[in-house]
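Visitor: Have a peek at data20.pdb (PDB, C-alpha atoms and all ligand atoms).
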ATOM      1  CA  MET A1403     -27.091  -5.409 -49.762  1.00  0.00           C
ATOM      2  CA  VAL A1404     -24.137  -5.379 -47.389  1.00  0.00           C
ATOM      3  CA  SER A1405     -22.141  -8.383 -46.153  1.00  0.00           C
ATOM      4  CA  PRO A1406     -19.579  -7.322 -43.517  1.00  0.00           C
ATOM      5  CA  SER A1407     -16.439  -9.472 -43.497  1.00  0.00           C
ATOM      6  CA  LEU A1408     -15.694 -10.987 -40.101  1.00  0.00           C
ATOM      7  CA  LEU A1409     -12.031 -11.322 -41.093  1.00  0.00           C
ATOM      8  CA  SER A1410     -11.680  -7.789 -39.709  1.00  0.00           C
ATOM      9  CA  ALA A1411     -13.655  -8.531 -36.527  1.00  0.00           C
ATOM     10  CA  ASP A1412     -12.049  -8.754 -33.088  1.00  0.00           C
ATOM     11  CA  PHE A1413     -11.641 -12.536 -32.718  1.00  0.00           C
ATOM     12  CA  GLY A1414     -11.306 -12.129 -28.958  1.00  0.00           C
ATOM     13  CA  ASN A1415     -14.794 -10.636 -28.946  1.00  0.00           C
ATOM     14  CA  LEU A1416     -16.357 -12.538 -31.789  1.00  0.00           C
ATOM     15  CA  GLN A1417     -19.718 -13.025 -30.104  1.00  0.00           C
ATOM     16  CA  ARG A1418     -19.962  -9.310 -29.384  1.00  0.00           C
ATOM     17  CA  ASP A1419     -19.162  -8.470 -33.015  1.00  0.00           C
ATOM     18  CA  VAL A1420     -21.692 -10.996 -34.361  1.00  0.00           C
ATOM     19  CA  GLU A1421     -24.339  -9.516 -32.061  1.00  0.00           C
ATOM     20  CA  MET A1422     -23.457  -6.050 -33.320  1.00  0.00           C
ATOM     21  CA  LEU A1423     -24.086  -7.308 -36.881  1.00  0.00           C
ATOM     22  CA  ASN A1424     -27.405  -8.841 -35.768  1.00  0.00           C
ATOM     23  CA  ALA A1425     -28.461  -5.409 -34.545  1.00  0.00           C
ATOM     24  CA  SER A1426     -27.276  -3.659 -37.712  1.00  0.00           C
ATOM     25  CA  GLU A1427     -28.925  -3.344 -41.121  1.00  0.00           C
ATOM     26  CA  CYS A1428     -26.481  -5.748 -42.773  1.00  0.00           C
ATOM     27  CA  ASP A1429     -27.939  -8.557 -44.866  1.00  0.00           C
ATOM     28  CA  TRP A1430     -25.395 -11.362 -44.676  1.00  0.00           C
ATOM     29  CA  LEU A1431     -22.260 -12.190 -42.653  1.00  0.00           C
ATOM     30  CA  HIS A1432     -19.239 -12.670 -44.912  1.00  0.00           C
ATOM     31  CA  ILE A1433     -16.912 -15.435 -43.727  1.00  0.00           C
ATOM     32  CA  ASP A1434     -13.457 -15.746 -45.327  1.00  0.00           C
ATOM     33  CA  VAL A1435     -11.907 -19.209 -45.211  1.00  0.00           C
ATOM     34  CA  MET A1436      -8.228 -19.330 -46.273  1.00  0.00           C
ATOM     35  CA  ASP A1437      -6.014 -22.394 -46.533  1.00  0.00           C
ATOM     36  CA  GLY A1438      -2.507 -20.950 -46.868  1.00  0.00           C
ATOM     37  CA  MET A1439      -2.251 -22.580 -50.327  1.00  0.00           C
ATOM     38  CA  PHE A1440      -4.739 -20.892 -52.596  1.00  0.00           C
ATOM     39  CA  VAL A1441      -3.944 -17.622 -50.830  1.00  0.00           C
ATOM     40  CA  PRO A1442      -0.836 -16.783 -48.789  1.00  0.00           C
ATOM     41  CA  ASN A1443      -2.719 -16.615 -45.497  1.00  0.00           C
ATOM     42  CA  ILE A1444      -4.609 -18.916 -43.124  1.00  0.00           C
ATOM     43  CA  SER A1445      -7.789 -17.676 -41.435  1.00  0.00           C
ATOM     44  CA  PHE A1446     -10.152 -20.079 -39.674  1.00  0.00           C
ATOM     45  CA  GLY A1447     -12.268 -23.138 -40.366  1.00  0.00           C
ATOM     46  CA  GLN A1448     -15.420 -25.012 -39.474  1.00  0.00           C
ATOM     47  CA  PRO A1449     -15.337 -24.817 -35.629  1.00  0.00           C
ATOM     48  CA  VAL A1450     -15.249 -21.021 -35.753  1.00  0.00           C
ATOM     49  CA  ILE A1451     -18.054 -20.920 -38.343  1.00  0.00           C
ATOM     50  CA  LYS A1452     -20.119 -23.202 -36.132  1.00  0.00           C
ATOM     51  CA  PHE A1453     -19.679 -20.746 -33.278  1.00  0.00           C
ATOM     52  CA  ILE A1454     -20.635 -17.788 -35.492  1.00  0.00           C
ATOM     53  CA  LYS A1455     -23.738 -19.701 -36.652  1.00  0.00           C
ATOM     54  CA  LYS A1456     -24.811 -20.206 -33.056  1.00  0.00           C
ATOM     55  CA  HIS A1457     -25.047 -16.460 -32.543  1.00  0.00           C
ATOM     56  CA  ALA A1458     -25.827 -15.102 -36.026  1.00  0.00           C
ATOM     57  CA  GLN A1459     -29.365 -14.159 -37.004  1.00  0.00           C
ATOM     58  CA  LYS A1460     -28.521 -13.641 -40.691  1.00  0.00           C
ATOM     59  CA  PRO A1461     -27.328 -15.893 -43.514  1.00  0.00           C
ATOM     60  CA  LEU A1462     -23.672 -16.920 -43.519  1.00  0.00           C
ATOM     61  CA  ASP A1463     -21.994 -16.004 -46.808  1.00  0.00           C
ATOM     62  CA  VAL A1464     -18.963 -18.294 -46.846  1.00  0.00           C
ATOM     63  CA  HIS A1465     -16.148 -17.333 -49.242  1.00  0.00           C
ATOM     64  CA  LEU A1466     -13.813 -20.299 -49.710  1.00  0.00           C
ATOM     65  CA  MET A1467     -10.273 -19.299 -50.634  1.00  0.00           C
ATOM     66  CA  ILE A1468      -9.088 -22.911 -50.610  1.00  0.00           C
ATOM     67  CA  MET A1469      -7.812 -25.336 -53.235  1.00  0.00           C
ATOM     68  CA  ASP A1470     -10.297 -27.974 -54.396  1.00  0.00           C
ATOM     69  CA  PRO A1471     -13.197 -26.756 -52.238  1.00  0.00           C
ATOM     70  CA  GLY A1472     -15.314 -29.646 -53.555  1.00  0.00           C
ATOM     71  CA  ARG A1473     -13.703 -31.802 -50.835  1.00  0.00           C
ATOM     72  CA  TYR A1474     -15.422 -29.876 -48.049  1.00  0.00           C
ATOM     73  CA  ILE A1475     -18.932 -28.965 -49.228  1.00  0.00           C
ATOM     74  CA  ALA A1476     -20.777 -31.221 -46.760  1.00  0.00           C
ATOM     75  CA  ASP A1477     -18.565 -29.941 -43.900  1.00  0.00           C
ATOM     76  CA  PHE A1478     -19.473 -26.341 -44.610  1.00  0.00           C
ATOM     77  CA  LYS A1479     -23.145 -27.269 -44.753  1.00  0.00           C
ATOM     78  CA  ASN A1480     -22.802 -28.966 -41.375  1.00  0.00           C
ATOM     79  CA  CYS A1481     -21.214 -25.961 -39.724  1.00  0.00           C
ATOM     80  CA  GLY A1482     -24.010 -23.653 -40.878  1.00  0.00           C
ATOM     81  CA  ALA A1483     -23.122 -22.085 -44.244  1.00  0.00           C
ATOM     82  CA  ASP A1484     -26.113 -20.727 -46.163  1.00  0.00           C
ATOM     83  CA  ILE A1485     -24.237 -19.406 -49.197  1.00  0.00           C
ATOM     84  CA  VAL A1486     -20.956 -20.875 -50.446  1.00  0.00           C
ATOM     85  CA  THR A1487     -18.737 -19.256 -53.063  1.00  0.00           C
ATOM     86  CA  VAL A1488     -15.759 -21.022 -54.627  1.00  0.00           C
ATOM     87  CA  HIS A1489     -12.983 -19.633 -56.796  1.00  0.00           C
ATOM     88  CA  TYR A1490     -12.946 -20.322 -60.526  1.00  0.00           C
ATOM     89  CA  GLU A1491      -9.169 -20.564 -60.154  1.00  0.00           C
ATOM     90  CA  ALA A1492      -9.357 -23.261 -57.444  1.00  0.00           C
ATOM     91  CA  CYS A1493     -11.745 -25.760 -59.074  1.00  0.00           C
ATOM     92  CA  THR A1494     -10.923 -28.273 -61.785  1.00  0.00           C
ATOM     93  CA  HIS A1495     -14.570 -29.353 -62.081  1.00  0.00           C
ATOM     94  CA  LEU A1496     -16.346 -26.148 -61.267  1.00  0.00           C
ATOM     95  CA  ASN A1497     -19.819 -27.124 -62.435  1.00  0.00           C
ATOM     96  CA  ARG A1498     -19.697 -30.300 -60.355  1.00  0.00           C
ATOM     97  CA  THR A1499     -18.676 -28.326 -57.271  1.00  0.00           C
ATOM     98  CA  LEU A1500     -21.514 -25.827 -57.791  1.00  0.00           C
ATOM     99  CA  ALA A1501     -23.992 -28.674 -58.175  1.00  0.00           C
ATOM    100  CA  ALA A1502     -22.705 -30.226 -54.927  1.00  0.00           C
ATOM    101  CA  ILE A1503     -23.319 -26.943 -53.073  1.00  0.00           C
ATOM    102  CA  ARG A1504     -26.855 -26.788 -54.504  1.00  0.00           C
ATOM    103  CA  ASP A1505     -27.493 -30.428 -53.617  1.00  0.00           C
ATOM    104  CA  GLU A1506     -26.682 -29.619 -49.994  1.00  0.00           C
ATOM    105  CA  GLY A1507     -29.442 -26.995 -50.079  1.00  0.00           C
ATOM    106  CA  MET A1508     -27.130 -23.966 -50.049  1.00  0.00           C
ATOM    107  CA  LYS A1509     -26.876 -21.070 -52.481  1.00  0.00           C
ATOM    108  CA  CYS A1510     -23.839 -21.309 -54.730  1.00  0.00           C
ATOM    109  CA  GLY A1511     -21.557 -18.840 -56.433  1.00  0.00           C
ATOM    110  CA  VAL A1512     -18.282 -18.463 -58.298  1.00  0.00           C
ATOM    111  CA  VAL A1513     -15.538 -16.009 -57.353  1.00  0.00           C
ATOM    112  CA  LEU A1514     -13.231 -14.428 -59.912  1.00  0.00           C
ATOM    113  CA  ASN A1515      -9.802 -13.113 -58.982  1.00  0.00           C
ATOM    114  CA  PRO A1516      -8.851  -9.706 -60.402  1.00  0.00           C
ATOM    115  CA  HIS A1517      -6.885 -11.400 -63.216  1.00  0.00           C
ATOM    116  CA  SER A1518      -9.784 -13.582 -64.389  1.00  0.00           C
ATOM    117  CA  PRO A1519     -12.032 -12.090 -67.090  1.00  0.00           C
ATOM    118  CA  VAL A1520     -15.810 -12.143 -66.762  1.00  0.00           C
ATOM    119  CA  ALA A1521     -16.057 -14.062 -70.062  1.00  0.00           C
ATOM    120  CA  LEU A1522     -14.838 -17.194 -68.226  1.00  0.00           C
ATOM    121  CA  LEU A1523     -18.341 -17.478 -66.790  1.00  0.00           C
ATOM    122  CA  GLU A1524     -20.214 -17.769 -70.136  1.00  0.00           C
ATOM    123  CA  ASP A1525     -20.929 -21.462 -69.494  1.00  0.00           C
ATOM    124  CA  THR A1526     -21.303 -21.318 -65.717  1.00  0.00           C
ATOM    125  CA  VAL A1527     -23.335 -18.261 -64.799  1.00  0.00           C
ATOM    126  CA  GLN A1528     -26.548 -20.200 -65.454  1.00  0.00           C
ATOM    127  CA  MET A1529     -25.734 -22.389 -62.439  1.00  0.00           C
ATOM    128  CA  CYS A1530     -24.977 -19.536 -60.047  1.00  0.00           C
ATOM    129  CA  ASP A1531     -27.129 -17.790 -57.452  1.00  0.00           C
ATOM    130  CA  LEU A1532     -24.380 -15.193 -57.251  1.00  0.00           C
ATOM    131  CA  VAL A1533     -21.000 -14.252 -58.684  1.00  0.00           C
ATOM    132  CA  LEU A1534     -18.371 -12.630 -56.476  1.00  0.00           C
ATOM    133  CA  LEU A1535     -15.844 -10.326 -58.115  1.00  0.00           C
ATOM    134  CA  MET A1536     -12.631  -9.794 -56.173  1.00  0.00           C
ATOM    135  CA  SER A1537     -11.638  -6.146 -56.171  1.00  0.00           C
ATOM    136  CA  VAL A1538      -8.295  -6.960 -54.465  1.00  0.00           C
ATOM    137  CA  ASN A1539      -6.011  -9.974 -54.739  1.00  0.00           C
ATOM    138  CA  PRO A1540      -7.478 -12.260 -52.087  1.00  0.00           C
ATOM    139  CA  GLY A1541      -5.745 -13.172 -48.849  1.00  0.00           C
ATOM    140  CA  PHE A1542      -5.869 -10.100 -46.646  1.00  0.00           C
ATOM    141  CA  GLY A1543      -8.241  -7.419 -45.418  1.00  0.00           C
ATOM    142  CA  GLY A1544      -7.465  -3.731 -45.697  1.00  0.00           C
ATOM    143  CA  GLN A1545      -6.087  -3.662 -49.258  1.00  0.00           C
ATOM    144  CA  LYS A1546      -6.624  -1.013 -51.896  1.00  0.00           C
ATOM    145  CA  PHE A1547      -9.613  -1.308 -54.237  1.00  0.00           C
ATOM    146  CA  ILE A1548      -8.709  -2.118 -57.862  1.00  0.00           C
ATOM    147  CA  GLU A1549     -10.408   0.444 -60.136  1.00  0.00           C
ATOM    148  CA  ASN A1550     -10.850  -1.973 -63.067  1.00  0.00           C
ATOM    149  CA  THR A1551     -13.579  -3.635 -61.004  1.00  0.00           C
ATOM    150  CA  TYR A1552     -16.245  -1.130 -62.124  1.00  0.00           C
ATOM    151  CA  SER A1553     -15.890  -2.221 -65.720  1.00  0.00           C
ATOM    152  CA  LYS A1554     -15.972  -5.904 -64.699  1.00  0.00           C
ATOM    153  CA  VAL A1555     -19.191  -5.339 -62.762  1.00  0.00           C
ATOM    154  CA  ARG A1556     -20.758  -3.767 -65.867  1.00  0.00           C
ATOM    155  CA  GLN A1557     -19.607  -6.665 -68.070  1.00  0.00           C
ATOM    156  CA  LEU A1558     -20.946  -9.174 -65.557  1.00  0.00           C
ATOM    157  CA  ARG A1559     -24.285  -7.343 -65.340  1.00  0.00           C
ATOM    158  CA  GLU A1560     -24.603  -7.678 -69.090  1.00  0.00           C
ATOM    159  CA  LEU A1561     -23.733 -11.382 -68.995  1.00  0.00           C
ATOM    160  CA  CYS A1562     -26.263 -11.998 -66.203  1.00  0.00           C
ATOM    161  CA  ASP A1563     -28.980 -10.047 -68.037  1.00  0.00           C
ATOM    162  CA  ARG A1564     -28.392 -12.307 -71.029  1.00  0.00           C
ATOM    163  CA  LYS A1565     -28.055 -15.656 -69.293  1.00  0.00           C
ATOM    164  CA  ASN A1566     -29.295 -15.503 -65.693  1.00  0.00           C
ATOM    165  CA  PRO A1567     -31.067 -12.272 -64.704  1.00  0.00           C
ATOM    166  CA  SER A1568     -31.655 -13.342 -61.104  1.00  0.00           C
ATOM    167  CA  CYS A1569     -27.928 -13.932 -60.434  1.00  0.00           C
ATOM    168  CA  LEU A1570     -26.596 -11.523 -57.797  1.00  0.00           C
ATOM    169  CA  ILE A1571     -23.300  -9.656 -58.208  1.00  0.00           C
ATOM    170  CA  GLU A1572     -21.152  -9.338 -55.087  1.00  0.00           C
ATOM    171  CA  VAL A1573     -17.938  -7.302 -54.823  1.00  0.00           C
ATOM    172  CA  ASP A1574     -15.207  -7.982 -52.247  1.00  0.00           C
ATOM    173  CA  GLY A1575     -12.073  -6.054 -51.301  1.00  0.00           C
ATOM    174  CA  GLY A1576     -11.369  -2.421 -50.492  1.00  0.00           C
ATOM    175  CA  VAL A1577     -15.062  -1.494 -50.524  1.00  0.00           C
ATOM    176  CA  ASN A1578     -15.919   1.606 -48.492  1.00  0.00           C
ATOM    177  CA  THR A1579     -18.384   4.489 -48.250  1.00  0.00           C
ATOM    178  CA  GLU A1580     -16.450   6.294 -51.024  1.00  0.00           C
ATOM    179  CA  ASN A1581     -16.795   3.681 -53.765  1.00  0.00           C
ATOM    180  CA  ALA A1582     -20.071   1.975 -52.758  1.00  0.00           C
ATOM    181  CA  ALA A1583     -22.392   4.225 -54.783  1.00  0.00           C
ATOM    182  CA  LYS A1584     -20.356   3.776 -57.946  1.00  0.00           C
ATOM    183  CA  LEU A1585     -20.378  -0.013 -57.471  1.00  0.00           C
ATOM    184  CA  TYR A1586     -24.157  -0.120 -57.045  1.00  0.00           C
ATOM    185  CA  GLU A1587     -24.502   2.093 -60.144  1.00  0.00           C
ATOM    186  CA  ALA A1588     -22.317  -0.287 -62.147  1.00  0.00           C
ATOM    187  CA  GLY A1589     -24.689  -3.129 -61.215  1.00  0.00           C
ATOM    188  CA  ALA A1590     -23.443  -4.630 -57.939  1.00  0.00           C
ATOM    189  CA  ASP A1591     -26.089  -6.124 -55.622  1.00  0.00           C
ATOM    190  CA  VAL A1592     -24.007  -7.075 -52.572  1.00  0.00           C
ATOM    191  CA  LEU A1593     -20.981  -5.260 -51.148  1.00  0.00           C
ATOM    192  CA  VAL A1594     -18.538  -6.990 -48.796  1.00  0.00           C
ATOM    193  CA  ALA A1595     -16.787  -4.660 -46.369  1.00  0.00           C
ATOM    194  CA  GLY A1596     -14.244  -5.674 -43.748  1.00  0.00           C
ATOM    195  CA  ASN A1597     -12.046  -2.809 -42.631  1.00  0.00           C
ATOM    196  CA  ALA A1598     -14.558  -0.151 -43.666  1.00  0.00           C
ATOM    197  CA  VAL A1599     -17.011  -1.589 -41.115  1.00  0.00           C
ATOM    198  CA  PHE A1600     -14.867  -2.956 -38.291  1.00  0.00           C
ATOM    199  CA  LYS A1601     -12.246  -0.195 -38.200  1.00  0.00           C
ATOM    200  CA  SER A1602     -14.887   2.504 -38.268  1.00  0.00           C
ATOM    201  CA  GLU A1603     -15.777   4.357 -35.082  1.00  0.00           C
ATOM    202  CA  ASN A1604     -19.407   3.411 -35.478  1.00  0.00           C
ATOM    203  CA  PRO A1605     -19.802   0.156 -37.429  1.00  0.00           C
ATOM    204  CA  ILE A1606     -23.618   0.235 -37.265  1.00  0.00           C
ATOM    205  CA  ALA A1607     -23.693   3.729 -38.776  1.00  0.00           C
ATOM    206  CA  THR A1608     -21.164   2.716 -41.457  1.00  0.00           C
ATOM    207  CA  ILE A1609     -23.312  -0.278 -42.420  1.00  0.00           C
ATOM    208  CA  HIS A1610     -26.318   2.054 -42.637  1.00  0.00           C
ATOM    209  CA  GLU A1611     -24.305   4.412 -44.837  1.00  0.00           C
ATOM    210  CA  LEU A1612     -23.151   1.578 -47.122  1.00  0.00           C
ATOM    211  CA  LYS A1613     -26.759   0.397 -47.454  1.00  0.00           C
ATOM    212  CA  SER A1614     -28.111   3.811 -48.303  1.00  0.00           C
ATOM    213  CA  LYS A1615     -25.619   4.657 -51.085  1.00  0.00           C
TER
HETATM  214  C1  LIG B   1      -9.929 -10.741 -48.894  1.00  0.00           C
HETATM  215  C2  LIG B   1     -11.246 -11.214 -48.336  1.00  0.00           C
HETATM  216  C3  LIG B   1     -12.168 -10.100 -48.042  1.00  0.00           C
HETATM  217  C4  LIG B   1     -11.659  -9.160 -46.973  1.00  0.00           C
HETATM  218  C5  LIG B   1     -12.194  -7.803 -47.298  1.00  0.00           C
HETATM  219  O1  LIG B   1      -9.202 -11.793 -49.361  1.00  0.00           O
HETATM  220  O2  LIG B   1     -11.915 -12.049 -49.268  1.00  0.00           O
HETATM  221  O3  LIG B   1     -13.480 -10.528 -47.759  1.00  0.00           O
HETATM  222  O4  LIG B   1     -12.034  -9.526 -45.666  1.00  0.00           O
HETATM  223  O5  LIG B   1     -11.636  -6.885 -46.424  1.00  0.00           O
HETATM  224  P1  LIG B   1     -11.599  -5.328 -46.766  1.00  0.00           P
HETATM  225  O6  LIG B   1     -13.026  -4.873 -46.952  1.00  0.00           O
HETATM  226  O7  LIG B   1     -10.925  -4.740 -45.593  1.00  0.00           O
HETATM  227  O8  LIG B   1     -10.821  -5.160 -48.048  1.00  0.00           O
HETATM  228 ZN    ZN B   2     -14.117 -12.440 -48.929  1.00  0.00          ZN
END
Please lay out the structure from this file as structure tokens.

Guide:
Amino acid sequence: MVSPSLLSADFGNLQRDVEMLNASECDWLHIDVMDGMFVPNISFGQPVIKFIKKHAQKPLDVHLMIMDPGRYIADFKNCGADIVTVHYEACTHLNRTLAAIRDEGMKCGVVLNPHSPVALLEDTVQMCDLVLLMSVNPGFGGQKFIENTYSKVRQLRELCDRKNPSCLIEVDGGVNTENAAKLYEAGADVLVAGNAVFKSENPIATIHELKSK
């Protein structure tokens, strides 16, 4: 599956870009929320997501790069999130936060930063619909893919096979048409792509290419 990241969209033409994604073969719309604390950047919040929801015909995959995301679960439900992922590194009571996302009727997932080992999820993966592995240090689009991610995807696949076979593996950061095939081979189910899609000359064709790797 492919989840294009709207962080790289043209915010002045957001409706146009969302409609382009509706017409493409992408599966989800990836929405990056940043608070300027957990990551050194601020992106956008609920009003913008509400607007995207109004025009989107596909599930909203909301990636929260914010401290203590448990404070805002109901808000993200209200603005139209379908899938919410929270960082392991940003939650003191991770299992409680995942349960809160589930209780709101959304799919839930944990995100691991590049420095966090897959083994941290031994006691949590059972609660996840998906796990998102960061393949860059979060905060910005257009960064270089970290090669160690392939081995983390393989380790995570093994953990999921053991404890939660239906859990999806998503990869985010520096994904492009060059590394997509290798990521799918390693066991990834969903690829996030920001710059690779929105800076390409033909985003619809790039999404098709990412899907067919
Ligand atoms: C990075 C964000 C990503 C970002 C990916 O912190 O979580 O979703 O938009 O952008 P690219 O694909 O350009 O690395
Ligand atoms: Zn993201």

Visitor: Mind giving me the straight-line distance from CA of Gly1544 (chain A) to atom C1 of ligand LIG 1 (chain B) in Å, one decimal?

Guide: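 Answer for the CA of Gly1544 (chain A) to atom C1 of ligand LIG 1 (chain B) separation: 8.1 Å.
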
Visitor: Could you tell me which of A:Gln1417, A:Ser1426, A:Thr1551, A:Asn1581 comes closest to His1457 (chain A) if we count only C-alpha atoms?

Guide: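 Looking only at the distances to His1457 (chain A), the closest residue turns out to be A:Gln1417.
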
Visitor: Which polymer residues, protein or nucleic acid, are no farther than 10 Å from (-28.8, -23.3, -41.9), counting all atoms listed in the file, as a list of chain:residue names?

Guide: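 Nearby residues: A:Lys1455, A:Lys1460, A:Pro1461, A:Leu1462, A:Lys1479, A:Asn1480, A:Cys1481, A:Gly1482, A:Ala1483, A:Asp1484, A:Ile1485, A:Gly1507, A:Met1508.
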
Visitor: Once the PyMOL selection byres (((chain A and resi 1593-1602) around 9) and not hetatm) is applied to the coordinates I shared, what remains selected? I want it as a count of residues only.

Guide: 40

Visitor: I need the residue set behind the PyMOL selection byres (((chain A and resi 1552) around 10) and not hetatm) for this file; please write it as a ChimeraX atom specification.

Guide: /A:1537,1548-1551,1553-1558,1573,1581,1584-1590

Visitor: Convert the current residue selection to file output with C-alpha atoms, as a compact mmCIF listing (two decimals), in the coordinates of the input.

Guide:
# COMPACT_ATOMS: atom_id res chain seq x y z
CA SER A 1537 -11.64 -6.15 -56.17
CA ILE A 1548 -8.71 -2.12 -57.86
CA GLU A 1549 -10.41 0.44 -60.14
CA ASN A 1550 -10.85 -1.97 -63.07
CA THR A 1551 -13.58 -3.64 -61.00
CA SER A 1553 -15.89 -2.22 -65.72
CA LYS A 1554 -15.97 -5.90 -64.70
CA VAL A 1555 -19.19 -5.34 -62.76
CA ARG A 1556 -20.76 -3.77 -65.87
CA GLN A 1557 -19.61 -6.66 -68.07
CA LEU A 1558 -20.95 -9.17 -65.56
CA VAL A 1573 -17.94 -7.30 -54.82
CA ASN A 1581 -16.80 3.68 -53.76
CA LYS A 1584 -20.36 3.78 -57.95
CA LEU A 1585 -20.38 -0.01 -57.47
CA TYR A 1586 -24.16 -0.12 -57.04
CA GLU A 1587 -24.50 2.09 -60.14
CA ALA A 1588 -22.32 -0.29 -62.15
CA GLY A 1589 -24.69 -3.13 -61.22
CA ALA A 1590 -23.44 -4.63 -57.94

Visitor: Using only C-alpha atoms, find the one residue out of A:His1465, A:Arg1504, A:Arg1473, A:Lys1546 that sits nearest to Met1436 (chain A).

Guide: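 Using only C-alpha atoms, Met1436 (chain A) sits closest to A:His1465.
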
Visitor: Grab the CA of Tyr1474 (chain A) to CA of Lys1509 (chain A) distance for me, in Å with one decimal place.

Guide: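 Between CA of Tyr1474 (chain A) and CA of Lys1509 (chain A) the gap works out to 15.1 Å.
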
Visitor: Find the distance between CA of Val1513 (chain A) and CA of Asp1531 (chain A) and write it in Å to one decimal.

Guide: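 So the answer is 11.7 Å.
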
Visitor: Considering only C-alpha atoms, state which residue in the set A:Ala1583, A:Gly1541, A:Gln1528, A:Glu1427 is at the smallest distance from Ser1568 (chain A).

Guide: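 Of the candidates, the smallest distance to Ser1568 (chain A) is held by A:Gln1528.
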
Visitor: With 6 Å of padding per side, what axis-aligned box (centre and edge lengths, Å, one decimal) covers all the listed atoms of ligand LIG 1 (chain B)? Give it as JSON.

Guide:
{"center_x": -11.3, "center_y": -8.4, "center_z": -47.5, "size_x": 16.3, "size_y": 19.3, "size_z": 15.8}

Visitor: Which residues fall under the PyMOL selection byres (((chain A and resi 1529) around 10) and not hetatm) in this file, as a PyMOL selection string?

Guide: chain A and resi 1497+1500-1501+1504+1510-1512+1523+1525-1528+1530-1532+1565-1566+1569

Visitor: Save out the residues we just selected, C-alpha atoms, as a CSV table (one decimal), in the frame of the given file.

Guide:
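Written file, again35.csv:
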chain,number,residue,atom,x,y,z
A,1497,ASN,CA,-19.8,-27.1,-62.4
A,1500,LEU,CA,-21.5,-25.8,-57.8
A,1501,ALA,CA,-24.0,-28.7,-58.2
A,1504,ARG,CA,-26.9,-26.8,-54.5
A,1510,CYS,CA,-23.8,-21.3,-54.7
A,1511,GLY,CA,-21.6,-18.8,-56.4
A,1512,VAL,CA,-18.3,-18.5,-58.3
A,1523,LEU,CA,-18.3,-17.5,-66.8
A,1525,ASP,CA,-20.9,-21.5,-69.5
A,1526,THR,CA,-21.3,-21.3,-65.7
A,1527,VAL,CA,-23.3,-18.3,-64.8
A,1528,GLN,CA,-26.5,-20.2,-65.5
A,1530,CYS,CA,-25.0,-19.5,-60.0
A,1531,ASP,CA,-27.1,-17.8,-57.5
A,1532,LEU,CA,-24.4,-15.2,-57.3
A,1565,LYS,CA,-28.1,-15.7,-69.3
A,1566,ASN,CA,-29.3,-15.5,-65.7
A,1569,CYS,CA,-27.9,-13.9,-60.4

Visitor: Counting only C-alpha atoms and all ligand atoms, which of A:Thr1499, A:Asn1515, A:Ser1614, A:Gln1448 gets nearest to ligand LIG 1 (chain B)?

Guide: A:Asn1515

Visitor: Counting only C-alpha atoms and all ligand atoms, which residue out of A:Cys1493, A:Cys1562, A:Leu1535, A:Ile1454 sits closest to ligand ZN 2 (chain B)?

Guide: A:Leu1535

Visitor: Would you list the contacts of Asp1477 (chain A) as a PyMOL selection string, taking every protein, DNA or RNA residue within 12 Å and counting only C-alpha atoms, but skipping same-chain residues closer than 5 positions in sequence?

Guide: chain A and resi 1447-1449+1451-1452+1471-1472+1482-1483+1486+1502-1503+1506

Visitor: Which one is closest to ligand ZN 2 (chain B): A:Cys1428, A:Val1533, A:Ala1476, A:Val1435? Count only C-alpha atoms and all ligand atoms.

Guide: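 Under the stated criterion, the closest residue is A:Val1435.
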
Visitor: Using only C-alpha atoms, can you list as JSON, numbers by chain the residues within 9 Å of (-5.2, -18.5, -50.9)?

Guide: {"A": [1435, 1436, 1437, 1438, 1439, 1440, 1441, 1442, 1443, 1444, 1466, 1467, 1468, 1469, 1540, 1541]}

Visitor: Residues of the last selection are to be written out with C-alpha atoms, as a short mmCIF file (atom, residue, chain, number, x, y, z; two decimals), in the frame of the given file.

Guide:
data_model
loop_
_atom_site.label_atom_id
_atom_site.label_comp_id
_atom_site.auth_asym_id
_atom_site.auth_seq_id
_atom_site.Cartn_x
_atom_site.Cartn_y
_atom_site.Cartn_z
CA VAL A 1435 -11.91 -19.21 -45.21
CA MET A 1436 -8.23 -19.33 -46.27
CA ASP A 1437 -6.01 -22.39 -46.53
CA GLY A 1438 -2.51 -20.95 -46.87
CA MET A 1439 -2.25 -22.58 -50.33
CA PHE A 1440 -4.74 -20.89 -52.60
CA VAL A 1441 -3.94 -17.62 -50.83
CA PRO A 1442 -0.84 -16.78 -48.79
CA ASN A 1443 -2.72 -16.61 -45.50
CA ILE A 1444 -4.61 -18.92 -43.12
CA LEU A 1466 -13.81 -20.30 -49.71
CA MET A 1467 -10.27 -19.30 -50.63
CA ILE A 1468 -9.09 -22.91 -50.61
CA MET A 1469 -7.81 -25.34 -53.24
CA PRO A 1540 -7.48 -12.26 -52.09
CA GLY A 1541 -5.74 -13.17 -48.85
#
